[in-house]
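All remarks here apply to the structure that follows.
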Amino acid sequence: MRTTGKSLIAAVAVMLAACQVAPPATRVVANAPAPKDPNEVPYHWTVGNAPQAHKDMVVEFGKPGLKPGEYVWAAAVPKEGEPRVVVDLLTQMTYVYRGDKLVGAASMSSAKTGHITPYGYWTILEKRPFYRSKKYDNAPMPFMQRIDDYGIAFHGGVNPGYPASHGCMRLPMKFAEKMYGVTKIGTKVVIEG
């Protein structure tokens, strides 16, 4: 039995010695992904309008961000060019353009948990200077601009700067009024986030 034990010990020693020898070093060259921009916002869905709108706001108004209830508006709005609206659900911002010129930006409040402000391409279907919700206790919706058949709309209202609505995009009252004056039935809206 001693010979078997010695043989076993010798075999284990040989295996351990083999394990201690490192394989020859090889150099692996791979195309590493470019480092991510630490300022890049992690969107769930975007085609680039919301990030571009933020950049435009910084250039046009010198503001990297807005506080809840705050907005900026251009001193002069171009008379030419189609209006369009860009909504950023991730940063809770709304941007208004006339042609390629950003004319205004505001903090907003979209759908709270359990409700939806939908992503995608939309069109302003209806505009009313004053409206009341048929679904939510006759709630006032000044400067209402509806984008779908369900009732999702832009309107003036309480704007805490975080998602707090039933699905609408609530804007600072003065901004909602100014935006109402620029848009028209058929104005294109893109909602990203």
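Ordered as shown in the structure tokens, chains take letters A, B, and onward, while each chain numbers its residues from 1 and ligands are numbered from 1 in the order shown.
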DSSP strand (DSSP E or B) residues within stretch 14-191 of chain A, as a CSV table (one decimal) with C-alpha atoms, in the first residue's frame:
```csv
chain,number,residue,atom,x,y,z
A,71,TYR,CA,-39.3,78.2,-19.5
A,72,VAL,CA,-37.4,80.2,-22.1
A,73,TRP,CA,-38.8,81.9,-25.2
A,83,PRO,CA,-43.9,74.6,-36.3
A,84,ARG,CA,-42.9,71.3,-34.6
A,85,VAL,CA,-42.7,70.1,-31.0
A,86,VAL,CA,-40.2,67.8,-29.4
A,87,VAL,CA,-40.9,66.2,-26.1
A,88,ASP,CA,-38.3,64.6,-23.9
A,93,MET,CA,-38.8,69.0,-21.2
A,94,THR,CA,-40.8,70.3,-24.2
A,95,TYR,CA,-39.2,72.2,-27.1
A,96,VAL,CA,-41.0,74.3,-29.7
A,97,TYR,CA,-39.5,75.0,-33.2
A,98,ARG,CA,-40.5,77.2,-36.1
A,101,LYS,CA,-35.1,77.6,-35.1
A,102,LEU,CA,-35.8,76.7,-31.5
A,103,VAL,CA,-38.2,79.3,-30.3
A,104,GLY,CA,-39.0,78.0,-26.8
A,105,ALA,CA,-38.3,75.3,-24.2
A,106,ALA,CA,-40.0,74.5,-20.9
A,107,SER,CA,-39.9,72.0,-18.1
A,109,SER,CA,-44.8,67.1,-16.3
A,111,ALA,CA,-47.6,60.7,-17.0
A,120,GLY,CA,-43.6,58.2,-31.1
A,121,TYR,CA,-44.7,60.6,-33.9
A,122,TRP,CA,-47.9,62.5,-33.3
A,123,THR,CA,-49.9,65.4,-34.8
A,126,GLU,CA,-57.4,69.6,-31.8
A,127,LYS,CA,-56.8,73.0,-30.2
A,128,ARG,CA,-59.0,74.8,-27.6
A,132,ARG,CA,-62.2,70.6,-19.3
A,140,PRO,CA,-59.2,72.5,-16.4
A,144,MET,CA,-55.3,72.4,-24.7
A,145,GLN,CA,-53.7,70.8,-27.8
A,146,ARG,CA,-54.8,67.2,-28.2
A,153,ALA,CA,-52.7,66.7,-24.8
A,154,PHE,CA,-50.5,69.6,-24.1
A,155,HIS,CA,-52.0,72.1,-21.7
A,156,GLY,CA,-51.1,74.6,-19.0
A,165,SER,CA,-50.1,63.8,-14.8
A,169,MET,CA,-48.0,67.0,-20.9
A,170,ARG,CA,-48.5,69.8,-18.4
A,171,LEU,CA,-46.6,73.0,-19.2
A,188,LYS,CA,-45.9,67.5,-35.9
A,189,VAL,CA,-44.9,66.3,-32.5
A,190,VAL,CA,-42.3,63.7,-31.6
A,191,ILE,CA,-42.2,62.3,-28.1
```
> Hey, which of A:Gly99, A:Met57, A:Ile147, A:Leu90 ends up closest to A:Val77? Count only C-alpha atoms.
Replying inline: A:Gly99
From a DSSP calculation on the backbone, collect every residue of stretch 46-108 of chain A in helix (DSSP H, G or I) and output the set as a PDB file with N, CA, C and O atoms, in the first residue's frame.
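What ended up in selection34.pdb:
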```
ATOM      1  N   ASN A  49     -34.022  63.565 -31.830  1.00  0.00           N
ATOM      2  CA  ASN A  49     -34.615  64.897 -31.719  1.00  0.00           C
ATOM      3  C   ASN A  49     -34.445  65.496 -30.322  1.00  0.00           C
ATOM      4  O   ASN A  49     -34.124  66.675 -30.191  1.00  0.00           O
ATOM      5  N   ALA A  50     -34.710  64.712 -29.285  1.00  0.00           N
ATOM      6  CA  ALA A  50     -34.627  65.237 -27.918  1.00  0.00           C
ATOM      7  C   ALA A  50     -33.197  65.637 -27.544  1.00  0.00           C
ATOM      8  O   ALA A  50     -32.979  66.752 -27.044  1.00  0.00           O
ATOM      9  N   PRO A  51     -32.192  64.784 -27.799  1.00  0.00           N
ATOM     10  CA  PRO A  51     -30.823  65.223 -27.485  1.00  0.00           C
ATOM     11  C   PRO A  51     -30.418  66.472 -28.275  1.00  0.00           C
ATOM     12  O   PRO A  51     -29.752  67.356 -27.750  1.00  0.00           O
ATOM     13  N   GLN A  52     -30.839  66.545 -29.541  1.00  0.00           N
ATOM     14  CA  GLN A  52     -30.512  67.716 -30.360  1.00  0.00           C
ATOM     15  C   GLN A  52     -31.214  68.960 -29.824  1.00  0.00           C
ATOM     16  O   GLN A  52     -30.641  70.050 -29.792  1.00  0.00           O
ATOM     17  N   ALA A  53     -32.465  68.806 -29.392  1.00  0.00           N
ATOM     18  CA  ALA A  53     -33.210  69.941 -28.852  1.00  0.00           C
ATOM     19  C   ALA A  53     -32.519  70.500 -27.613  1.00  0.00           C
ATOM     20  O   ALA A  53     -32.447  71.718 -27.419  1.00  0.00           O
ATOM     21  N   HIS A  54     -31.993  69.615 -26.776  1.00  0.00           N
ATOM     22  CA  HIS A  54     -31.263  70.079 -25.595  1.00  0.00           C
ATOM     23  C   HIS A  54     -30.034  70.883 -26.013  1.00  0.00           C
ATOM     24  O   HIS A  54     -29.772  71.965 -25.467  1.00  0.00           O
ATOM     25  N   LYS A  55     -29.301  70.381 -26.991  1.00  0.00           N
ATOM     26  CA  LYS A  55     -28.122  71.110 -27.492  1.00  0.00           C
ATOM     27  C   LYS A  55     -28.534  72.466 -28.059  1.00  0.00           C
ATOM     28  O   LYS A  55     -27.862  73.475 -27.825  1.00  0.00           O
ATOM     29  N   ASP A  56     -29.651  72.490 -28.791  1.00  0.00           N
ATOM     30  CA  ASP A  56     -30.143  73.747 -29.358  1.00  0.00           C
ATOM     31  C   ASP A  56     -30.499  74.746 -28.260  1.00  0.00           C
ATOM     32  O   ASP A  56     -30.255  75.942 -28.401  1.00  0.00           O
ATOM     33  N   MET A  57     -31.073  74.246 -27.145  1.00  0.00           N
ATOM     34  CA  MET A  57     -31.430  75.138 -26.037  1.00  0.00           C
ATOM     35  C   MET A  57     -30.177  75.763 -25.417  1.00  0.00           C
ATOM     36  O   MET A  57     -30.159  76.952 -25.104  1.00  0.00           O
ATOM     37  N   VAL A  58     -29.135  74.964 -25.276  1.00  0.00           N
ATOM     38  CA  VAL A  58     -27.888  75.480 -24.711  1.00  0.00           C
ATOM     39  C   VAL A  58     -27.316  76.564 -25.624  1.00  0.00           C
ATOM     40  O   VAL A  58     -26.908  77.628 -25.161  1.00  0.00           O
ATOM     41  N   VAL A  59     -27.319  76.321 -26.932  1.00  0.00           N
ATOM     42  CA  VAL A  59     -26.784  77.289 -27.891  1.00  0.00           C
ATOM     43  C   VAL A  59     -27.666  78.536 -27.955  1.00  0.00           C
ATOM     44  O   VAL A  59     -27.183  79.665 -27.889  1.00  0.00           O
ATOM     45  N   GLU A  60     -28.975  78.341 -28.094  1.00  0.00           N
ATOM     46  CA  GLU A  60     -29.908  79.456 -28.311  1.00  0.00           C
ATOM     47  C   GLU A  60     -30.128  80.319 -27.075  1.00  0.00           C
ATOM     48  O   GLU A  60     -30.198  81.540 -27.152  1.00  0.00           O
ATOM     49  N   PHE A  61     -30.241  79.663 -25.910  1.00  0.00           N
ATOM     50  CA  PHE A  61     -30.599  80.397 -24.694  1.00  0.00           C
ATOM     51  C   PHE A  61     -29.511  80.380 -23.612  1.00  0.00           C
ATOM     52  O   PHE A  61     -29.678  81.015 -22.572  1.00  0.00           O
TER      53      PHE A  61
END
```
>> What's the separation between atom CA of A:Asp137 and atom CA of A:Val182, in Å to one decimal place?
In response: 29.1 Å
> With only C-alpha atoms as the basis for distance, which of A:Asn159, A:Ser133, A:Ser110, A:Thr46 is at the shortest distance from A:Glu70?
Replying inline: A:Asn159
